[in-house]
file model38.cif (mmCIF, C-alpha atoms and all ligand atoms)
data_protein
#
loop_
_atom_site.label_atom_id
_atom_site.label_comp_id
_atom_site.auth_asym_id
_atom_site.auth_seq_id
_atom_site.Cartn_x
_atom_site.Cartn_y
_atom_site.Cartn_z
CA MET A 1 188.60 26.54 235.47
CA SER A 2 189.78 25.50 232.08
CA THR A 3 190.96 22.13 230.99
CA HIS A 4 194.49 23.06 229.95
CA PRO A 5 196.76 20.27 231.11
CA ALA A 6 199.95 21.02 233.02
CA PRO A 7 202.78 21.95 230.65
CA VAL A 8 205.77 19.72 230.00
CA LEU A 9 208.24 22.52 230.70
CA SER A 10 208.15 25.43 233.13
CA VAL A 11 210.73 28.17 232.84
CA VAL A 12 211.09 30.11 236.08
CA VAL A 13 212.58 33.59 235.70
CA PRO A 14 213.12 35.73 238.81
CA MET A 15 213.16 39.44 238.06
CA PHE A 16 213.75 42.49 240.16
CA ASP A 17 213.62 45.86 238.39
CA GLU A 18 214.38 44.28 235.02
CA ALA A 19 212.27 46.57 232.77
CA GLU A 20 215.30 47.39 230.67
CA VAL A 21 216.15 43.81 229.88
CA LEU A 22 212.63 42.39 229.69
CA PRO A 23 211.91 43.12 226.00
CA LEU A 24 215.26 41.57 225.06
CA LEU A 25 214.50 38.53 227.20
CA VAL A 26 211.10 38.00 225.59
CA ALA A 27 212.60 38.42 222.12
CA ARG A 28 215.17 35.69 222.75
CA LEU A 29 213.29 33.29 225.03
CA ARG A 30 210.02 33.05 223.16
CA PRO A 31 211.34 31.76 219.80
CA VAL A 32 213.39 29.11 221.60
CA LEU A 33 210.40 27.84 223.58
CA ASP A 34 207.95 28.12 220.68
CA ALA A 35 210.26 25.90 218.63
CA LEU A 36 210.06 23.12 221.22
CA PRO A 37 207.60 20.32 220.48
CA ASP A 38 206.42 20.41 224.11
CA ALA A 39 203.85 22.59 225.84
CA TYR A 40 205.45 25.11 228.16
CA GLU A 41 204.79 27.93 230.57
CA VAL A 42 207.07 30.77 231.60
CA VAL A 43 206.71 31.67 235.27
CA ALA A 44 207.99 35.23 235.55
CA VAL A 45 208.47 35.91 239.26
CA ASP A 46 208.27 39.65 239.75
CA ASP A 47 210.24 40.05 242.95
CA GLY A 48 208.58 43.25 244.14
CA SER A 49 209.97 45.34 241.29
CA ARG A 50 209.61 49.10 241.67
CA ASP A 51 210.08 49.96 238.01
CA GLN A 52 208.00 49.20 234.91
CA THR A 53 208.59 45.43 235.12
CA PRO A 54 205.00 44.52 236.22
CA VAL A 55 203.47 46.79 233.60
CA LEU A 56 205.62 45.33 230.84
CA LEU A 57 204.87 41.80 232.00
CA GLN A 58 201.13 42.42 231.83
CA ALA A 59 201.55 43.91 228.36
CA HIS A 60 203.51 40.89 227.13
CA ARG A 61 200.95 38.55 228.63
CA ARG A 62 198.35 39.81 226.19
CA THR A 63 200.33 38.52 223.23
CA TRP A 64 202.14 35.61 224.87
CA PRO A 65 199.60 33.19 226.38
CA GLN A 66 202.26 30.96 227.91
CA LEU A 67 203.58 33.80 230.02
CA ARG A 68 202.45 33.54 233.61
CA VAL A 69 203.19 36.30 236.07
CA LEU A 70 203.76 35.67 239.74
CA ARG A 71 204.00 38.91 241.64
CA LEU A 72 205.59 38.85 245.08
CA ARG A 73 204.35 41.36 247.62
CA ALA A 74 207.80 42.59 248.50
CA ASN A 75 211.35 42.10 247.34
CA ALA A 76 212.31 38.71 248.74
CA GLY A 77 215.67 38.21 247.04
CA HIS A 78 216.92 36.11 244.16
CA GLN A 79 216.85 32.73 245.93
CA ALA A 80 213.43 33.26 247.53
CA ALA A 81 212.04 34.43 244.18
CA ILE A 82 213.23 31.23 242.54
CA SER A 83 211.71 29.22 245.42
CA ALA A 84 208.40 31.00 244.81
CA GLY A 85 208.62 30.11 241.12
CA LEU A 86 209.41 26.48 241.91
CA ALA A 87 206.41 26.23 244.22
CA ALA A 88 204.16 27.59 241.48
CA ALA A 89 205.64 25.80 238.46
CA ARG A 90 203.51 22.97 237.08
CA GLY A 91 205.83 21.50 234.46
CA ALA A 92 207.20 17.98 234.38
CA TRP A 93 210.55 19.72 233.90
CA VAL A 94 211.49 23.05 235.39
CA VAL A 95 214.30 25.32 234.20
CA THR A 96 215.42 28.30 236.29
CA LEU A 97 217.00 31.16 234.41
CA ASP A 98 218.20 34.70 235.21
CA ALA A 99 216.32 37.49 233.51
CA ASP A 100 219.39 39.45 232.44
CA LEU A 101 220.30 37.02 229.60
CA GLN A 102 223.57 36.05 231.26
CA ASP A 103 222.19 32.54 231.00
CA PRO A 104 221.51 32.14 227.26
CA PRO A 105 217.91 30.91 226.67
CA GLU A 106 219.16 29.08 223.58
CA ALA A 107 220.64 26.42 225.89
CA VAL A 108 217.23 25.37 227.26
CA PRO A 109 216.66 22.69 224.56
CA ARG A 110 220.13 21.29 225.29
CA LEU A 111 219.30 21.03 229.00
CA LEU A 112 216.08 19.17 228.21
CA GLU A 113 217.78 16.88 225.75
CA ALA A 114 220.57 16.06 228.22
CA ALA A 115 218.02 15.16 230.89
CA ARG A 116 216.12 12.89 228.54
CA THR A 117 219.07 11.14 226.90
CA HIS A 118 220.94 10.56 230.16
CA GLY A 119 217.78 9.83 232.15
CA VAL A 120 218.79 12.16 234.99
CA ASP A 121 216.81 14.36 237.37
CA VAL A 122 219.02 17.43 237.34
CA VAL A 123 221.02 19.13 234.59
CA TYR A 124 223.34 21.90 235.77
CA GLY A 125 224.25 24.68 233.42
CA VAL A 126 227.98 25.11 233.95
CA ARG A 127 229.76 28.26 232.90
CA THR A 128 232.62 27.33 230.64
CA ASP A 129 233.59 30.93 230.08
CA ARG A 130 233.31 33.63 232.70
CA SER A 131 235.35 36.22 230.87
CA SER A 132 232.31 38.49 230.71
CA ASP A 133 232.19 38.71 234.52
CA SER A 134 234.25 41.36 236.26
CA PRO A 135 237.52 40.23 237.90
CA PHE A 136 235.92 41.04 241.26
CA LYS A 137 232.89 38.84 240.52
CA ARG A 138 235.14 36.04 239.28
CA SER A 139 237.43 36.04 242.31
CA THR A 140 234.57 36.28 244.82
CA ALA A 141 232.77 33.46 242.99
CA HIS A 142 235.95 31.36 243.10
CA ALA A 143 236.38 32.02 246.84
CA TYR A 144 232.71 31.17 247.39
CA TYR A 145 232.90 27.77 245.69
CA ALA A 146 236.25 26.93 247.34
CA THR A 147 234.86 27.79 250.78
CA MET A 148 231.69 25.81 250.23
CA ARG A 149 233.69 22.77 249.19
CA ALA A 150 235.96 23.12 252.20
CA MET A 151 232.84 23.26 254.37
CA GLY A 152 231.72 19.94 252.99
CA ALA A 153 229.07 21.06 250.49
CA THR A 154 230.29 18.64 247.86
CA GLY A 155 228.37 17.58 244.81
CA ALA A 156 227.83 21.12 243.56
CA PRO A 157 229.60 21.33 240.20
CA ASP A 158 232.10 24.17 239.87
CA ASN A 159 230.75 27.29 238.27
CA ALA A 160 227.17 26.09 238.32
CA GLY A 161 224.96 29.01 239.20
CA ASP A 162 221.19 29.00 239.12
CA TYR A 163 220.77 28.00 235.49
CA ARG A 164 219.56 24.44 235.80
CA LEU A 165 216.87 21.99 234.81
CA MET A 166 215.08 19.87 237.39
CA SER A 167 212.64 17.02 237.09
CA ARG A 168 209.24 17.15 238.78
CA ALA A 169 210.54 14.78 241.48
CA THR A 170 213.43 17.14 242.21
CA VAL A 171 211.21 20.21 242.36
CA ASP A 172 208.78 18.41 244.66
CA ALA A 173 211.68 17.40 246.90
CA VAL A 174 212.97 20.98 247.05
CA ASN A 175 209.49 22.37 247.73
CA ALA A 176 209.03 19.90 250.57
CA LEU A 177 212.18 21.02 252.40
CA PRO A 178 211.25 22.71 255.66
CA GLU A 179 214.05 25.27 255.38
CA GLU A 180 212.85 28.72 254.36
CA HIS A 181 216.03 30.53 253.35
CA ARG A 182 217.39 27.91 251.05
CA VAL A 183 220.34 28.43 248.78
CA LEU A 184 219.23 26.40 245.80
CA ARG A 185 222.62 25.94 244.19
CA LEU A 186 223.65 23.97 247.30
CA VAL A 187 220.33 22.42 248.26
CA VAL A 188 219.76 20.79 244.87
CA PRO A 189 223.16 19.02 244.69
CA ALA A 190 222.73 17.96 248.33
CA LEU A 191 219.65 15.94 247.32
CA GLY A 192 222.08 13.72 245.46
CA PHE A 193 219.69 12.97 242.59
CA PRO A 194 221.24 11.68 239.35
CA SER A 195 222.59 14.64 237.44
CA THR A 196 224.67 15.76 234.52
CA THR A 197 226.07 19.07 233.29
CA VAL A 198 225.79 21.13 230.14
CA GLY A 199 228.36 23.82 229.41
CA TYR A 200 227.49 27.33 228.28
CA ALA A 201 229.29 30.61 227.90
CA ARG A 202 228.09 33.18 230.38
CA ASP A 203 227.26 36.39 228.57
CA GLU A 204 227.32 39.89 229.83
CA ARG A 205 224.17 41.32 231.35
CA ALA A 206 222.15 42.43 228.31
CA ALA A 207 220.82 45.65 229.88
CA GLY A 208 220.32 47.30 233.24
CA THR A 209 222.57 46.90 236.25
CA SER A 210 223.33 44.05 238.64
CA LYS A 211 220.73 43.53 241.34
CA TYR A 212 223.33 41.86 243.54
CA PRO A 213 225.08 44.49 245.63
CA LEU A 214 227.90 43.41 247.93
CA SER A 215 225.48 43.20 250.87
CA LYS A 216 223.35 40.57 249.07
CA MET A 217 226.49 38.63 248.09
CA VAL A 218 227.63 38.57 251.74
CA ARG A 219 224.15 37.45 252.82
CA LEU A 220 224.18 34.63 250.28
CA SER A 221 227.60 33.49 251.51
CA VAL A 222 226.59 33.53 255.18
CA ASP A 223 223.33 31.68 254.38
CA SER A 224 225.30 29.16 252.32
CA ILE A 225 227.83 28.44 255.05
CA THR A 226 225.52 28.37 258.05
CA GLY A 227 222.91 26.48 256.03
CA PHE A 228 225.33 23.75 255.12
CA SER A 229 227.97 23.25 257.73
CA SER A 230 228.53 23.47 261.42
CA ALA A 231 232.30 23.48 260.88
CA PRO A 232 232.65 27.19 261.83
CA LEU A 233 231.22 26.37 265.25
CA ARG A 234 234.14 24.04 265.78
CA LEU A 235 236.54 26.89 265.06
CA ALA A 236 235.82 28.22 268.54
CA THR A 237 236.92 24.91 270.03
CA TRP A 238 240.17 25.01 268.05
CA PHE A 239 240.77 28.60 269.11
CA GLY A 240 240.24 27.54 272.72
CA LEU A 241 242.66 24.62 272.39
CA GLY A 242 245.27 26.77 270.65
CA GLY A 243 244.84 29.49 273.23
CA GLY A 244 245.27 26.94 276.01
CA LEU A 245 248.59 25.70 274.53
CA VAL A 246 249.87 29.26 274.18
CA ALA A 247 248.84 29.93 277.78
CA VAL A 248 250.81 26.90 279.02
CA ALA A 249 253.88 28.03 277.04
CA LEU A 250 253.54 31.52 278.51
CA LEU A 251 253.25 30.09 282.00
CA VAL A 252 256.50 28.13 281.56
CA TYR A 253 258.18 31.23 280.18
CA ALA A 254 256.93 33.40 283.04
CA LEU A 255 258.12 30.94 285.69
CA LEU A 256 261.53 30.64 284.03
CA ALA A 257 261.86 34.40 283.80
CA LYS A 258 260.98 34.72 287.46
CA VAL A 259 263.51 32.06 288.50
CA LEU A 260 266.25 33.61 286.35
CA GLY A 261 265.42 37.07 287.65
CA HIS A 262 264.57 38.52 284.20
CA THR A 263 261.18 39.79 285.32
CA VAL A 264 259.98 42.26 282.71
CA ALA A 265 257.51 45.03 283.20
CA GLY A 266 255.06 42.91 281.19
CA TRP A 267 252.80 45.68 279.98
CA THR A 268 253.10 44.97 276.24
CA SER A 269 252.57 41.24 276.51
CA THR A 270 249.55 41.73 278.78
CA VAL A 271 247.91 44.14 276.39
CA VAL A 272 248.55 41.89 273.40
CA ILE A 273 247.26 38.80 275.13
CA VAL A 274 244.15 40.50 276.45
CA ALA A 275 243.39 41.99 273.03
CA ALA A 276 243.99 38.72 271.18
CA VAL A 277 241.93 36.63 273.57
CA GLY A 278 239.17 39.23 273.54
CA ALA A 279 239.08 39.22 269.74
CA LEU A 280 238.94 35.43 269.58
CA GLN A 281 236.14 35.34 272.12
CA LEU A 282 234.14 37.89 270.18
CA LEU A 283 234.73 36.02 266.93
CA SER A 284 233.59 32.75 268.50
CA LEU A 285 230.54 34.43 269.94
CA GLY A 286 229.78 35.92 266.55
CA ILE A 287 229.96 32.52 264.87
CA LEU A 288 227.73 31.07 267.55
CA GLY A 289 225.37 34.00 267.04
CA GLU A 290 225.00 33.27 263.32
CA TYR A 291 223.78 29.76 264.10
CA VAL A 292 221.57 30.80 267.00
CA GLY A 293 220.12 33.40 264.63
CA ARG A 294 219.44 30.74 262.06
CA ILE A 295 217.71 28.52 264.61
CA TYR A 296 215.66 31.51 265.72
CA VAL A 297 214.61 32.31 262.17
CA ALA A 298 213.81 28.64 261.54
CA LEU A 299 211.62 28.52 264.65
CA GLN A 300 209.72 31.59 263.57
CA ARG A 301 208.93 29.81 260.32
CA ARG A 302 208.31 33.10 258.61
CA PRO A 303 207.91 32.49 254.87
CA SER A 304 210.74 33.89 252.80
CA TYR A 305 208.26 35.35 250.29
CA TYR A 306 204.60 36.25 249.89
CA VAL A 307 202.76 35.85 246.61
CA ALA A 308 200.56 38.84 245.84
CA HIS A 309 199.14 37.62 242.57
CA ASP A 310 199.37 34.68 240.21
CA SER A 311 198.07 35.38 236.72
CA LEU A 312 197.24 31.69 236.39
CA HIS A 313 194.16 32.34 238.49
CA ASP A 314 192.95 35.26 236.39
CA PRO A 315 189.59 34.47 234.82
CA ASP A 316 190.96 35.38 231.39
CA SER A 317 194.10 33.32 231.80
CA PRO A 318 194.77 31.12 228.78
CA THR A 319 197.25 29.10 230.82
CA GLN A 320 194.81 28.49 233.61
CA GLY A 321 195.11 24.96 234.89
CA ARG A 322 194.05 22.61 237.58
CA SER A 323 196.38 23.87 240.29
CA GLN A 324 194.00 26.48 241.67
CA GLY A 325 194.00 26.64 245.44
CA ARG A 326 196.70 24.06 245.74
CA PRO A 327 197.33 23.40 249.42
CA GLY A 328 200.47 24.86 250.87
CA GLN A 329 200.62 27.69 248.37
CA ARG A 330 201.26 30.95 250.13
CA THR A 331 198.94 33.53 248.78
N1 LIG B 401 216.92 39.12 241.36
C1 LIG B 401 215.73 38.99 242.07
N2 LIG B 401 215.62 39.56 243.31
C2 LIG B 401 216.65 40.26 243.88
C3 LIG B 401 217.87 40.36 243.17
C4 LIG B 401 217.97 39.78 241.92
O1 LIG B 401 214.78 38.37 241.59
O2 LIG B 401 216.48 40.75 244.99
C5 LIG B 401 217.04 38.51 240.03
C6 LIG B 401 217.49 39.45 238.94
O3 LIG B 401 216.41 40.16 238.38
C7 LIG B 401 218.13 38.50 237.95
C8 LIG B 401 218.72 37.43 238.85
O4 LIG B 401 218.04 37.54 240.10
O5 LIG B 401 217.19 37.90 237.10
C9 LIG B 401 220.21 37.57 239.06
O6 LIG B 401 220.50 38.90 239.47
P1 LIG B 401 221.68 39.74 238.82
O7 LIG B 401 221.80 39.41 237.39
O8 LIG B 401 221.49 41.17 239.16
O9 LIG B 401 222.92 39.16 239.63
P2 LIG B 401 224.41 39.00 239.07
O10 LIG B 401 224.33 38.32 237.76
O11 LIG B 401 224.95 40.39 238.98
O12 LIG B 401 225.06 38.18 240.14
MG MG B 402 223.22 38.67 236.26
#
call {"tool": "encode", "arguments": {"input": "model38.cif", "output": "structure tokens", "more": "lines below"}}
Ligand code: UDP
Ligand code: MG
result
Amino acid sequence: MSTHPAPVLSVVVPMFDEAEVLPLLVARLRPVLDALPDAYEVVAVDDGSRDQTPVLLQAHRRTWPQLRVLRLRANAGHQAAISAGLAAARGAWVVTLDADLQDPPEAVPRLLEAARTHGVDVVYGVRTDRSSDSPFKRSTAHAYYATMRAMGATGAPDNAGDYRLMSRATVDAVNALPEEHRVLRLVVPALGFPSTTVGYARDERAAGTSKYPLSKMVRLSVDSITGFSSAPLRLATWFGLGGGLVAVALLVYALLAKVLGHTVAGWTSTVVIVAAVGALQLLSLGILGEYVGRIYVALQRRPSYYVAHDSLHDPDSPTQGRSQGRPGQRT
């Protein structure tokens, strides 16, 4: 074990099949970090990539001693990959950054400076310009943030994604959370630590394609809602109350019709009522199911990721530090 002290700054970069963008990332990130007066490490979390990403990372490691590679055994997803990086990061400050250069690395010094001058624990990168995102991405993102606010997840700044800087205390707090499938952009604001924001223009993906298909976006939304609010569960109660009122009105109507002799055949109304009530029941059951599912998953306590390899522990690692065999690290 060498005597290298823990770095001041850790930059956590999750990457899944990012071979195309990786050289561009290194070319832009490295000069920015090298220009900082502080010691740093880059924790590249290879989220089970199937392309040349791991090979390229190893190649870059030979010439970039601060680059540390954390390889996950299987694709765990963006949020889990960041969680893995946070658990491994040793810095007094930790920045999380997407690999595709949509979050400009040049803003890292501004994040650090904001944290130090304002004395805060968290600095959110806030997108001041989303014109490079597709209209679909923009409108779904807008709906996502509006829903989350309506559900009571306040404190998350608008248009703050996963480009943020956190203090050691914040990272420790996040790592200590028992919840496995955490959505960091909601979990971090929920801690309520002192924070500030720094604006940046979100660029277009520098190369490659989005690794967020619609299915992963839906998953993130469901995890966000069920992870943060039990309000949807109450929907079923409201449906029940509303349905009860409608039923009373129908009863009055039916009695009146009978008294007045206007008895109708009643087929259409029966079908509609049965279908509507059936649909509401299924919807309520589905909502309930999402929460029961979440409890089930929480009880299983299955880790959301598995680390296959951490280059920090390589015998030749120039960044090797004191954190070897740290308890609680899933290897
Ligand atoms: N990513 C990941 N695992 C996944 C999906 C994505 O680590 O299963 C990474 C990806 O490599 C990128 C970041 O998460 O660094 C954001 O993904 P992407 O840019 O594809 O999402 P978008 O910007 O399209 O929402
Ligand atoms: Mg992207």
call {"tool": "atom_distance", "arguments": {"input": "model38.cif", "atom1": "atom CA of Ala87 of chain A", "atom2": "atom CA of Ser10 of chain A"}}
result
11.3 Å
call {"tool": "residues_around", "arguments": {"input": "model38.cif", "residues": "Gly192 of chain A", "least_positions_apart": "5", "cutoff": "10 Å", "atoms": "only C-alpha atoms", "output": "list in words"}}
result
Asp121, Val122, Thr154, Gly155, Ala156, Thr170 and Val187 of chain A
call {"tool": "closest_residue", "arguments": {"input": "model38.cif", "among": "A:Pro157, A:Pro7, A:Pro54, A:Pro23", "to": "Val94 of chain A", "atoms": "all atoms listed in the file"}}
result
A:Pro7
call {"tool": "residues_near_ligand", "arguments": {"input": "model38.cif", "ligand": "ligand LIG 401 (chain B)", "cutoff": "9 Å", "atoms": "all atoms listed in the file", "output": "number ranges by chain"}}
result
A: 13-18, 45-49, 75-82, 97-102, 133, 137, 162, 204-205, 208-213, 216-217
call {"tool": "atom_distance", "arguments": {"input": "model38.cif", "atom1": "atom CA of Thr128 of chain A", "atom2": "atom CA of Asp203 of chain A"}}
result
10.7 Å
call {"tool": "residues_around", "arguments": {"input": "model38.cif", "residues": "Thr96 of chain A", "least_positions_apart": "4", "cutoff": "7 Å", "atoms": "all atoms listed in the file", "output": "list in words"}}
result
Val11, Val12, Val13, Asp162, Tyr163, Arg164 and Leu165 of chain A
call {"tool": "closest_residue", "arguments": {"input": "model38.cif", "among": "A:Leu250, A:Phe239, A:Tyr200, A:Arg149", "to": "Leu282 of chain A", "atoms": "all atoms listed in the file"}}
result
A:Phe239
call {"tool": "residues_around", "arguments": {"input": "model38.cif", "residues": "Tyr291 of chain A", "least_positions_apart": "4", "cutoff": "9 Å", "atoms": "all atoms listed in the file", "output": "PyMOL selection string"}}
result
chain A and resi 226-227+230+233+286-287+295-296
call {"tool": "atom_distance", "arguments": {"input": "model38.cif", "atom1": "atom CA of Thr197 of chain A", "atom2": "atom CA of Asp223 of chain A"}}
result
24.7 Å
call {"tool": "closest_residue", "arguments": {"input": "model38.cif", "among": "A:Glu180, A:Thr237, A:Tyr145, A:Phe136", "to": "Arg301 of chain A", "atoms": "only C-alpha atoms"}}
result
A:Glu180
call {"tool": "residues_around", "arguments": {"input": "model38.cif", "residues": "segment 32-42 of chain A", "least_positions_apart": "6", "cutoff": "12 Å", "atoms": "all atoms listed in the file", "output": "ChimeraX atom specification"}}
result
/A:4-14,25-26,57,60-61,64-70,85-86,88-97,99,104-110,112-113,311-312,318-321
call {"tool": "closest_residue", "arguments": {"input": "model38.cif", "among": "A:Ala231, A:Val222, A:Ala207, A:Ile273", "to": "ligand MG 402 (chain B)", "atoms": "only C-alpha atoms and all ligand atoms"}}
result
A:Ala207
call {"tool": "closest_residue", "arguments": {"input": "model38.cif", "among": "A:Ser221, A:Ser269, A:Ser304, A:Thr196", "to": "Thr140 of chain A", "atoms": "all atoms listed in the file"}}
result
A:Ser221
call {"tool": "closest_residue", "arguments": {"input": "model38.cif", "among": "A:Leu191, A:Ala206, A:Val198, A:Ala141", "to": "ligand MG 402 (chain B)", "atoms": "only C-alpha atoms and all ligand atoms"}}
result
A:Ala206
call {"tool": "build_atoms", "arguments": {"input": "model38.cif", "residues": "segment 149-167 of chain A", "atoms": "N, CA and C atoms", "output": "PDB file, in the frame of the given file"}}
result
ATOM      1  N   ARG A 149     233.160  24.134 249.274  1.00  0.00           N
ATOM      2  CA  ARG A 149     233.690  22.770 249.190  1.00  0.00           C
ATOM      3  C   ARG A 149     234.426  22.407 250.464  1.00  0.00           C
ATOM      4  N   ALA A 150     235.219  23.369 250.963  1.00  0.00           N
ATOM      5  CA  ALA A 150     235.960  23.120 252.200  1.00  0.00           C
ATOM      6  C   ALA A 150     235.007  22.841 253.361  1.00  0.00           C
ATOM      7  N   MET A 151     233.834  23.434 253.307  1.00  0.00           N
ATOM      8  CA  MET A 151     232.840  23.260 254.370  1.00  0.00           C
ATOM      9  C   MET A 151     232.069  21.951 254.213  1.00  0.00           C
ATOM     10  N   GLY A 152     232.360  21.244 253.144  1.00  0.00           N
ATOM     11  CA  GLY A 152     231.720  19.940 252.990  1.00  0.00           C
ATOM     12  C   GLY A 152     230.508  19.922 252.079  1.00  0.00           C
ATOM     13  N   ALA A 153     230.199  21.046 251.425  1.00  0.00           N
ATOM     14  CA  ALA A 153     229.070  21.060 250.490  1.00  0.00           C
ATOM     15  C   ALA A 153     229.558  20.515 249.156  1.00  0.00           C
ATOM     16  N   THR A 154     229.782  19.219 249.093  1.00  0.00           N
ATOM     17  CA  THR A 154     230.290  18.640 247.860  1.00  0.00           C
ATOM     18  C   THR A 154     229.109  18.297 246.949  1.00  0.00           C
ATOM     19  N   GLY A 155     229.437  17.961 245.726  1.00  0.00           N
ATOM     20  CA  GLY A 155     228.370  17.580 244.810  1.00  0.00           C
ATOM     21  C   GLY A 155     227.919  18.741 243.942  1.00  0.00           C
ATOM     22  N   ALA A 156     228.183  19.973 244.385  1.00  0.00           N
ATOM     23  CA  ALA A 156     227.830  21.120 243.560  1.00  0.00           C
ATOM     24  C   ALA A 156     228.916  21.292 242.507  1.00  0.00           C
ATOM     25  N   PRO A 157     228.561  21.181 241.216  1.00  0.00           N
ATOM     26  CA  PRO A 157     229.600  21.330 240.200  1.00  0.00           C
ATOM     27  C   PRO A 157     230.163  22.746 240.248  1.00  0.00           C
ATOM     28  N   ASP A 158     231.452  22.853 239.928  1.00  0.00           N
ATOM     29  CA  ASP A 158     232.100  24.170 239.870  1.00  0.00           C
ATOM     30  C   ASP A 158     231.397  25.056 238.870  1.00  0.00           C
ATOM     31  N   ASN A 159     231.284  26.307 239.206  1.00  0.00           N
ATOM     32  CA  ASN A 159     230.750  27.290 238.270  1.00  0.00           C
ATOM     33  C   ASN A 159     229.327  26.994 237.803  1.00  0.00           C
ATOM     34  N   ALA A 160     228.593  26.256 238.615  1.00  0.00           N
ATOM     35  CA  ALA A 160     227.170  26.090 238.320  1.00  0.00           C
ATOM     36  C   ALA A 160     226.430  27.135 239.137  1.00  0.00           C
ATOM     37  N   GLY A 161     225.709  27.977 238.475  1.00  0.00           N
ATOM     38  CA  GLY A 161     224.960  29.010 239.200  1.00  0.00           C
ATOM     39  C   GLY A 161     223.529  28.544 239.375  1.00  0.00           C
ATOM     40  N   ASP A 162     222.592  29.380 238.967  1.00  0.00           N
ATOM     41  CA  ASP A 162     221.190  29.000 239.120  1.00  0.00           C
ATOM     42  C   ASP A 162     220.520  28.708 237.795  1.00  0.00           C
ATOM     43  N   TYR A 163     221.335  28.407 236.774  1.00  0.00           N
ATOM     44  CA  TYR A 163     220.770  28.000 235.490  1.00  0.00           C
ATOM     45  C   TYR A 163     220.767  26.478 235.496  1.00  0.00           C
ATOM     46  N   ARG A 164     219.593  25.894 235.737  1.00  0.00           N
ATOM     47  CA  ARG A 164     219.560  24.440 235.800  1.00  0.00           C
ATOM     48  C   ARG A 164     218.179  23.921 235.458  1.00  0.00           C
ATOM     49  N   LEU A 165     218.141  22.650 235.105  1.00  0.00           N
ATOM     50  CA  LEU A 165     216.870  21.990 234.810  1.00  0.00           C
ATOM     51  C   LEU A 165     216.632  20.936 235.871  1.00  0.00           C
ATOM     52  N   MET A 166     215.400  20.864 236.353  1.00  0.00           N
ATOM     53  CA  MET A 166     215.080  19.870 237.390  1.00  0.00           C
ATOM     54  C   MET A 166     213.832  19.092 236.983  1.00  0.00           C
ATOM     55  N   SER A 167     213.819  17.835 237.367  1.00  0.00           N
ATOM     56  CA  SER A 167     212.640  17.020 237.090  1.00  0.00           C
ATOM     57  C   SER A 167     211.553  17.365 238.111  1.00  0.00           C
TER      58      SER A 167
END
